[in-house]
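**Student:** The structure follows.
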Amino acid sequence: MPDPTFPFLGVHFTRLIHGGIEAGPNAVLAFAREGYTKTDINLPDLFDALTFSGLWRFLARHKRMSWEEMKRSFSRRLFCESLQRLVPEIREDDLEKGGAGVRAQAMSPAGDLVQDFSFAPQPGALHVLNAPSPAATASLAIGEEIVNRVADQLR
């Protein structure tokens with residue numbers, strides 16, 4: 001069971017429509033905003049992350065969880081062990097490398113994760129700053145909220 005104080009799904013299994021199964025995910029800092037592999041590094045993006053005070057406050061409060069996620073991301077053995085808590089029969093050689101995704105997660109300067117959708121109205125624009133999972137599931141409700149807020153701005 002994932003820790004409910006974090007917006008991460010925890011290790012889980014997803015049955016795919018073609019019959020396969022994906023296992024994951026890990027939630028770790030990407031070294032590039034559009035970095036889909038562990039070796040994708042964008043120095044300006046990484047500099048932005050590492051100079052953001054909120055990240056350091058988050059890491060200071062959640063050292064163990066952050067370190068465990070990072071280790072599991074780089075260790076096939078540790079990842080397999082976390083899967084075995086749900087399905088003990090799984091072995092390392094059952095695992096194949098899968099794809100990765102990048103999920104933006106808003107964080108306050110105080111190091112708190114923004115847990116919900118966040119809107120920032122500006123003249124002529126309404127920005128959705130955070131769309132945590134399940135954003136796709138909530139897309140119609142988000143769209144309705146955007147329409148209501150834009151209508152309020154026009155009044």
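To be explicit about the labels: the chains of the structure tokens are called A, B, and onward in the order shown, and within each one the residues are counted from 1, while ligands get numbers from 1 in the order they are shown.
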Val87 of chain A: which residues within 12 Å, counting only C-alpha atoms, same-chain residues fewer than 6 positions away excluded, as a list in words?

**Tutor:** Val11, His12, Phe13, Ala23, Cys80, Glu81 and Asp94 of chain A

**Student:** Write out as a CSV table (one decimal) with all heavy atoms, in the first residue's frame all residues of chain A that DSSP puts in strand (DSSP E) for this structure's backbone.

**Tutor:**
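Dumped everything to states.csv:
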chain,number,residue,atom,x,y,z
A,12,HIS,N,3.0,-1.4,-8.1
A,12,HIS,CA,1.7,-2.1,-8.5
A,12,HIS,C,1.8,-2.8,-9.8
A,12,HIS,O,2.8,-2.6,-10.5
A,12,HIS,CB,0.5,-1.2,-8.4
A,12,HIS,CG,0.6,-0.1,-9.5
A,12,HIS,ND1,1.3,1.0,-9.3
A,12,HIS,CD2,0.0,0.0,-10.7
A,12,HIS,CE1,1.2,1.8,-10.4
A,12,HIS,NE2,0.4,1.2,-11.2
A,13,PHE,N,0.9,-3.6,-10.2
A,13,PHE,CA,0.8,-4.3,-11.4
A,13,PHE,C,-0.4,-3.8,-12.2
A,13,PHE,O,-1.4,-3.6,-11.7
A,13,PHE,CB,0.7,-5.8,-11.2
A,13,PHE,CG,1.9,-6.4,-10.5
A,13,PHE,CD1,1.9,-6.5,-9.1
A,13,PHE,CD2,2.9,-6.9,-11.2
A,13,PHE,CE1,3.0,-7.0,-8.4
A,13,PHE,CE2,4.0,-7.5,-10.5
A,13,PHE,CZ,4.1,-7.5,-9.2
A,14,THR,N,-0.1,-3.6,-13.5
A,14,THR,CA,-1.2,-3.2,-14.4
A,14,THR,C,-1.3,-4.2,-15.6
A,14,THR,O,-0.3,-4.4,-16.3
A,14,THR,CB,-0.9,-1.8,-15.0
A,14,THR,OG1,-0.8,-0.9,-13.9
A,14,THR,CG2,-2.1,-1.4,-15.9
A,15,ARG,N,-2.5,-4.9,-15.7
A,15,ARG,CA,-2.7,-5.8,-16.8
A,15,ARG,C,-3.0,-5.0,-18.1
A,15,ARG,O,-3.8,-4.1,-18.1
A,15,ARG,CB,-3.9,-6.7,-16.5
A,15,ARG,CG,-4.0,-7.8,-17.6
A,15,ARG,CD,-5.1,-8.8,-17.2
A,15,ARG,NE,-4.8,-9.5,-16.0
A,15,ARG,CZ,-4.0,-10.6,-15.9
A,15,ARG,NH1,-3.4,-11.0,-17.0
A,15,ARG,NH2,-3.8,-11.2,-14.8
A,21,ILE,N,1.7,-7.6,-18.7
A,21,ILE,CA,1.6,-6.9,-17.4
A,21,ILE,C,2.8,-6.0,-17.2
A,21,ILE,O,3.9,-6.3,-17.5
A,21,ILE,CB,1.6,-8.0,-16.3
A,21,ILE,CG1,0.4,-8.9,-16.4
A,21,ILE,CG2,1.7,-7.3,-14.9
A,21,ILE,CD1,0.4,-10.0,-15.4
A,22,GLU,N,2.5,-4.8,-16.8
A,22,GLU,CA,3.5,-3.8,-16.4
A,22,GLU,C,3.6,-3.7,-14.9
A,22,GLU,O,2.6,-3.8,-14.2
A,22,GLU,CB,3.2,-2.4,-17.0
A,22,GLU,CG,3.5,-2.4,-18.5
A,22,GLU,CD,3.5,-1.0,-19.0
A,22,GLU,OE1,3.0,0.0,-18.4
A,22,GLU,OE2,3.9,-0.8,-20.2
A,23,ALA,N,4.8,-3.6,-14.4
A,23,ALA,CA,5.0,-3.4,-13.0
A,23,ALA,C,5.7,-2.1,-12.7
A,23,ALA,O,6.6,-1.7,-13.5
A,23,ALA,CB,5.9,-4.5,-12.5
A,24,GLY,N,5.3,-1.4,-11.7
A,24,GLY,CA,6.0,-0.2,-11.4
A,24,GLY,C,5.0,0.7,-10.6
A,24,GLY,O,4.1,0.2,-10.0
A,118,SER,N,-4.2,23.1,-9.5
A,118,SER,CA,-3.9,24.4,-9.1
A,118,SER,C,-4.1,25.3,-10.3
A,118,SER,O,-3.6,25.1,-11.4
A,118,SER,CB,-2.5,24.5,-8.6
A,118,SER,OG,-2.2,25.8,-8.2
A,119,PHE,N,-4.9,26.4,-10.2
A,119,PHE,CA,-5.1,27.3,-11.3
A,119,PHE,C,-4.5,28.7,-11.0
A,119,PHE,O,-4.5,29.1,-9.8
A,119,PHE,CB,-6.6,27.5,-11.4
A,119,PHE,CG,-7.4,26.2,-11.8
A,119,PHE,CD1,-7.9,25.4,-10.8
A,119,PHE,CD2,-7.5,25.8,-13.1
A,119,PHE,CE1,-8.5,24.2,-11.1
A,119,PHE,CE2,-8.1,24.6,-13.4
A,119,PHE,CZ,-8.6,23.8,-12.4
A,120,ALA,N,-4.0,29.3,-12.0
A,120,ALA,CA,-3.4,30.6,-11.9
A,120,ALA,C,-3.9,31.5,-13.0
A,120,ALA,O,-3.5,31.5,-14.1
A,120,ALA,CB,-1.8,30.5,-12.0
A,121,PRO,N,-4.9,32.3,-12.6
A,121,PRO,CA,-5.5,33.2,-13.6
A,121,PRO,C,-4.6,34.4,-13.9
A,121,PRO,O,-3.9,34.9,-13.0
A,121,PRO,CB,-6.8,33.7,-12.9
A,121,PRO,CG,-6.6,33.5,-11.4
A,121,PRO,CD,-5.6,32.4,-11.3
A,122,GLN,N,-4.5,34.7,-15.1
A,122,GLN,CA,-3.7,35.9,-15.6
A,122,GLN,C,-4.6,36.6,-16.6
A,122,GLN,O,-5.5,36.0,-17.2
A,122,GLN,CB,-2.4,35.4,-16.3
A,122,GLN,CG,-1.6,34.6,-15.4
A,122,GLN,CD,-0.2,35.2,-15.3
A,122,GLN,OE1,0.4,35.7,-16.2
A,122,GLN,NE2,0.4,35.1,-14.1
A,125,ALA,N,-5.7,34.7,-19.8
A,125,ALA,CA,-5.2,33.3,-19.7
A,125,ALA,C,-5.6,32.7,-18.4
A,125,ALA,O,-5.7,33.4,-17.3
A,125,ALA,CB,-3.7,33.2,-19.9
A,126,LEU,N,-5.8,31.4,-18.4
A,126,LEU,CA,-5.9,30.6,-17.1
A,126,LEU,C,-5.0,29.4,-17.2
A,126,LEU,O,-5.2,28.5,-18.1
A,126,LEU,CB,-7.4,30.1,-17.0
A,126,LEU,CG,-7.7,29.3,-15.7
A,126,LEU,CD1,-7.4,30.1,-14.4
A,126,LEU,CD2,-9.1,28.8,-15.7
A,127,HIS,N,-4.0,29.3,-16.3
A,127,HIS,CA,-3.0,28.3,-16.4
A,127,HIS,C,-3.4,27.2,-15.4
A,127,HIS,O,-3.8,27.5,-14.2
A,127,HIS,CB,-1.7,28.8,-16.0
A,127,HIS,CG,-1.2,29.9,-17.0
A,127,HIS,ND1,-0.7,29.6,-18.2
A,127,HIS,CD2,-1.2,31.2,-16.9
A,127,HIS,CE1,-0.4,30.7,-18.8
A,127,HIS,NE2,-0.7,31.7,-18.0
A,128,VAL,N,-3.4,25.9,-15.8
A,128,VAL,CA,-3.5,24.8,-14.9
A,128,VAL,C,-2.1,24.4,-14.5
A,128,VAL,O,-1.3,23.9,-15.4
A,128,VAL,CB,-4.3,23.6,-15.6
A,128,VAL,CG1,-4.4,22.5,-14.6
A,128,VAL,CG2,-5.6,24.1,-16.0
A,129,LEU,N,-1.7,24.6,-13.3
A,129,LEU,CA,-0.3,24.4,-12.9
A,129,LEU,C,0.0,23.0,-12.4
A,129,LEU,O,1.2,22.6,-12.4
A,129,LEU,CB,0.1,25.4,-11.8
A,129,LEU,CG,-0.1,26.9,-12.1
A,129,LEU,CD1,0.3,27.8,-10.9
A,129,LEU,CD2,0.8,27.3,-13.3
A,130,ASN,N,-0.9,22.3,-12.0
A,130,ASN,CA,-0.7,21.0,-11.5
A,130,ASN,C,-1.9,20.1,-11.9
A,130,ASN,O,-3.0,20.5,-11.7
A,130,ASN,CB,-0.6,21.1,-9.9
A,130,ASN,CG,0.1,19.8,-9.3
A,130,ASN,OD1,1.1,19.4,-9.8
A,130,ASN,ND2,-0.5,19.3,-8.3

**Student:** For Thr51 of chain A, which residue among A:Leu83, A:Pro109, A:Leu16, A:Thr37 is the nearest when counting only C-alpha atoms?

**Tutor:**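 Ranked by minimum distance to Thr51 of chain A, first place goes to A:Pro109.
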
**Student:** Would you list the contacts of Ala49 of chain A as a ChimeraX atom specification, taking every protein, DNA or RNA residue within 9 Å and counting only C-alpha atoms, but skipping same-chain residues closer than 5 positions in sequence?

**Tutor:** /A:29,31,44,55

**Student:** Please write the residues from the selection above to a file, keeping all heavy atoms, as a PDB file, in the first residue's frame.

**Tutor:**
ATOM      1  N   LEU A  29      13.324  11.898  -9.103  1.00  0.00           N
ATOM      2  CA  LEU A  29      13.615  13.140  -9.801  1.00  0.00           C
ATOM      3  C   LEU A  29      14.193  12.827 -11.175  1.00  0.00           C
ATOM      4  O   LEU A  29      15.154  12.069 -11.298  1.00  0.00           O
ATOM      5  CB  LEU A  29      14.622  13.965  -8.991  1.00  0.00           C
ATOM      6  CG  LEU A  29      15.093  15.271  -9.616  1.00  0.00           C
ATOM      7  CD1 LEU A  29      13.932  16.259  -9.715  1.00  0.00           C
ATOM      8  CD2 LEU A  29      16.228  15.867  -8.804  1.00  0.00           C
ATOM      9  N   PHE A  31      16.247  14.009 -14.442  1.00  0.00           N
ATOM     10  CA  PHE A  31      17.349  14.947 -14.646  1.00  0.00           C
ATOM     11  C   PHE A  31      17.120  15.824 -15.873  1.00  0.00           C
ATOM     12  O   PHE A  31      17.999  16.572 -16.284  1.00  0.00           O
ATOM     13  CB  PHE A  31      18.671  14.201 -14.749  1.00  0.00           C
ATOM     14  CG  PHE A  31      18.985  13.394 -13.511  1.00  0.00           C
ATOM     15  CD1 PHE A  31      19.502  12.131 -13.619  1.00  0.00           C
ATOM     16  CD2 PHE A  31      18.759  13.906 -12.242  1.00  0.00           C
ATOM     17  CE1 PHE A  31      19.795  11.378 -12.482  1.00  0.00           C
ATOM     18  CE2 PHE A  31      19.036  13.171 -11.104  1.00  0.00           C
ATOM     19  CZ  PHE A  31      19.558  11.900 -11.234  1.00  0.00           C
ATOM     20  N   PRO A  44      20.340  22.734 -17.801  1.00  0.00           N
ATOM     21  CA  PRO A  44      19.496  23.828 -17.280  1.00  0.00           C
ATOM     22  C   PRO A  44      18.300  23.318 -16.465  1.00  0.00           C
ATOM     23  O   PRO A  44      17.967  23.898 -15.425  1.00  0.00           O
ATOM     24  CB  PRO A  44      19.038  24.567 -18.539  1.00  0.00           C
ATOM     25  CG  PRO A  44      20.101  24.270 -19.557  1.00  0.00           C
ATOM     26  CD  PRO A  44      20.532  22.866 -19.252  1.00  0.00           C
ATOM     27  N   LEU A  55      12.718  21.733  -3.126  1.00  0.00           N
ATOM     28  CA  LEU A  55      13.225  20.372  -3.295  1.00  0.00           C
ATOM     29  C   LEU A  55      14.073  19.972  -2.092  1.00  0.00           C
ATOM     30  O   LEU A  55      13.930  18.873  -1.545  1.00  0.00           O
ATOM     31  CB  LEU A  55      14.035  20.243  -4.582  1.00  0.00           C
ATOM     32  CG  LEU A  55      14.724  18.892  -4.785  1.00  0.00           C
ATOM     33  CD1 LEU A  55      13.700  17.763  -4.890  1.00  0.00           C
ATOM     34  CD2 LEU A  55      15.612  18.925  -6.010  1.00  0.00           C
TER      35      LEU A  55
END

**Student:** Could you pull out the helix (DSSP H, G or I) residues of chain A from DSSP and send them as a PyMOL selection string?

**Tutor:** chain A and resi 43-50+53-61+63-74+76-84+92-94+139-154

**Student:** Restricting the calculation to only C-alpha atoms: of A:Ser139, A:Ser108, A:Asn148, A:Gln153, which residue gets closest to Arg57 of chain A?

**Tutor:**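 Among the listed residues, the smallest separation from Arg57 of chain A belongs to A:Ser108.
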
**Student:** From the list A:Thr39, A:Val150, A:Ser53, A:Asn26, which residue is nearest Ala110 of chain A when using only C-alpha atoms?

**Tutor:** A:Ser53

**Student:** List the neighbours of Lys38 of chain A out to 10 Å using only C-alpha atoms; skip same-chain residues closer than 3 positions along the sequence, and give me the result as an NGL selection string.

**Tutor:** :A and (29-32 or 35 or 41 or 73-74 or 100)

**Student:** Between atom CA of Ala131 of chain A and atom CA of Asp116 of chain A, what is the spacing in Å?

**Tutor:**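 Rounded to one decimal, the two atoms are 7.0 Å apart.
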
**Student:** Calculated over only C-alpha atoms, which of the candidates A:Ala141, A:Glu69, A:Ser75, A:Ala60 has the smallest distance to Phe117 of chain A?

**Tutor:** A:Ala141

**Student:** Applying 12 Å and only C-alpha atoms, which residues near Asp112 of chain A remain after dropping the ones on its own chain fewer than 6 positions away? List them as a tab-separated table (two decimals) with N, CA, C and O atoms, in the first residue's frame.

**Tutor:**
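Listed below is the output, out13.tsv:
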chain	number	residue	atom	x	y	z
A	5	THR	N	0.42	10.05	2.07
A	5	THR	CA	0.89	11.43	2.13
A	5	THR	C	1.64	11.84	0.86
A	5	THR	O	1.98	13.00	0.70
A	6	PHE	N	1.89	10.87	-0.03
A	6	PHE	CA	2.61	11.16	-1.27
A	6	PHE	C	1.72	10.85	-2.46
A	6	PHE	O	0.93	9.91	-2.41
A	7	PRO	N	1.87	11.59	-3.55
A	7	PRO	CA	1.01	11.36	-4.71
A	7	PRO	C	1.53	10.27	-5.63
A	7	PRO	O	1.33	10.31	-6.83
A	53	SER	N	14.61	25.73	-3.60
A	53	SER	CA	14.67	25.49	-2.15
A	53	SER	C	13.64	24.47	-1.70
A	53	SER	O	13.87	23.72	-0.76
A	54	GLY	N	12.50	24.42	-2.36
A	54	GLY	CA	11.45	23.47	-1.98
A	54	GLY	C	11.91	22.03	-2.10
A	54	GLY	O	11.56	21.18	-1.28
A	55	LEU	N	12.72	21.73	-3.13
A	55	LEU	CA	13.23	20.37	-3.30
A	55	LEU	C	14.07	19.97	-2.09
A	55	LEU	O	13.93	18.87	-1.55
A	56	TRP	N	14.95	20.86	-1.65
A	56	TRP	CA	15.83	20.54	-0.53
A	56	TRP	C	15.04	20.40	0.76
A	56	TRP	O	15.36	19.54	1.60
A	57	ARG	N	13.99	21.20	0.93
A	57	ARG	CA	13.15	21.07	2.13
A	57	ARG	C	12.40	19.73	2.10
A	57	ARG	O	12.27	19.06	3.12
A	58	PHE	N	11.90	19.35	0.91
A	58	PHE	CA	11.23	18.06	0.76
A	58	PHE	C	12.19	16.92	1.10
A	58	PHE	O	11.85	16.02	1.86
A	59	LEU	N	13.38	16.96	0.50
A	59	LEU	CA	14.36	15.90	0.73
A	59	LEU	C	14.78	15.82	2.20
A	59	LEU	O	14.99	14.73	2.73
A	60	ALA	N	14.88	16.96	2.85
A	60	ALA	CA	15.26	16.96	4.27
A	60	ALA	C	14.19	16.29	5.12
A	60	ALA	O	14.51	15.58	6.08
A	61	ARG	N	12.93	16.49	4.78
A	61	ARG	CA	11.84	15.90	5.54
A	61	ARG	C	11.60	14.42	5.20
A	61	ARG	O	11.06	13.68	6.01
A	62	HIS	N	11.95	14.03	3.98
A	62	HIS	CA	11.63	12.68	3.51
A	62	HIS	C	12.86	11.97	2.98
A	62	HIS	O	12.85	11.37	1.92
A	105	GLN	N	5.08	17.32	-11.09
A	105	GLN	CA	4.45	17.41	-9.78
A	105	GLN	C	4.81	18.75	-9.18
A	105	GLN	O	5.99	19.02	-8.95
A	106	ALA	N	3.82	19.59	-8.98
A	106	ALA	CA	4.08	20.91	-8.40
A	106	ALA	C	4.50	20.76	-6.94
A	106	ALA	O	3.99	19.91	-6.21

**Student:** Just give me the gap between atom CA of Glu34 of chain A and atom CA of Leu46 of chain A in Å, one decimal is fine.

**Tutor:**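 According to the coordinates, atom CA of Glu34 of chain A and atom CA of Leu46 of chain A are separated by 11.2 Å.
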
**Student:** Considering only C-alpha atoms, can you say which of A:Arg91, A:Lys71, A:Arg77, A:Arg149 comes closest to Ala27 of chain A?

**Tutor:**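 Comparing A:Arg91, A:Lys71, A:Arg77, A:Arg149 against Ala27 of chain A, the winner is A:Lys71.
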
**Student:** Would you mind reading off the distance between atom CA of Ala151 of chain A and atom CA of Pro123 of chain A, one decimal, in Å?

**Tutor:**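 Atom-to-atom, atom CA of Ala151 of chain A and atom CA of Pro123 of chain A are spaced 13.0 Å apart.
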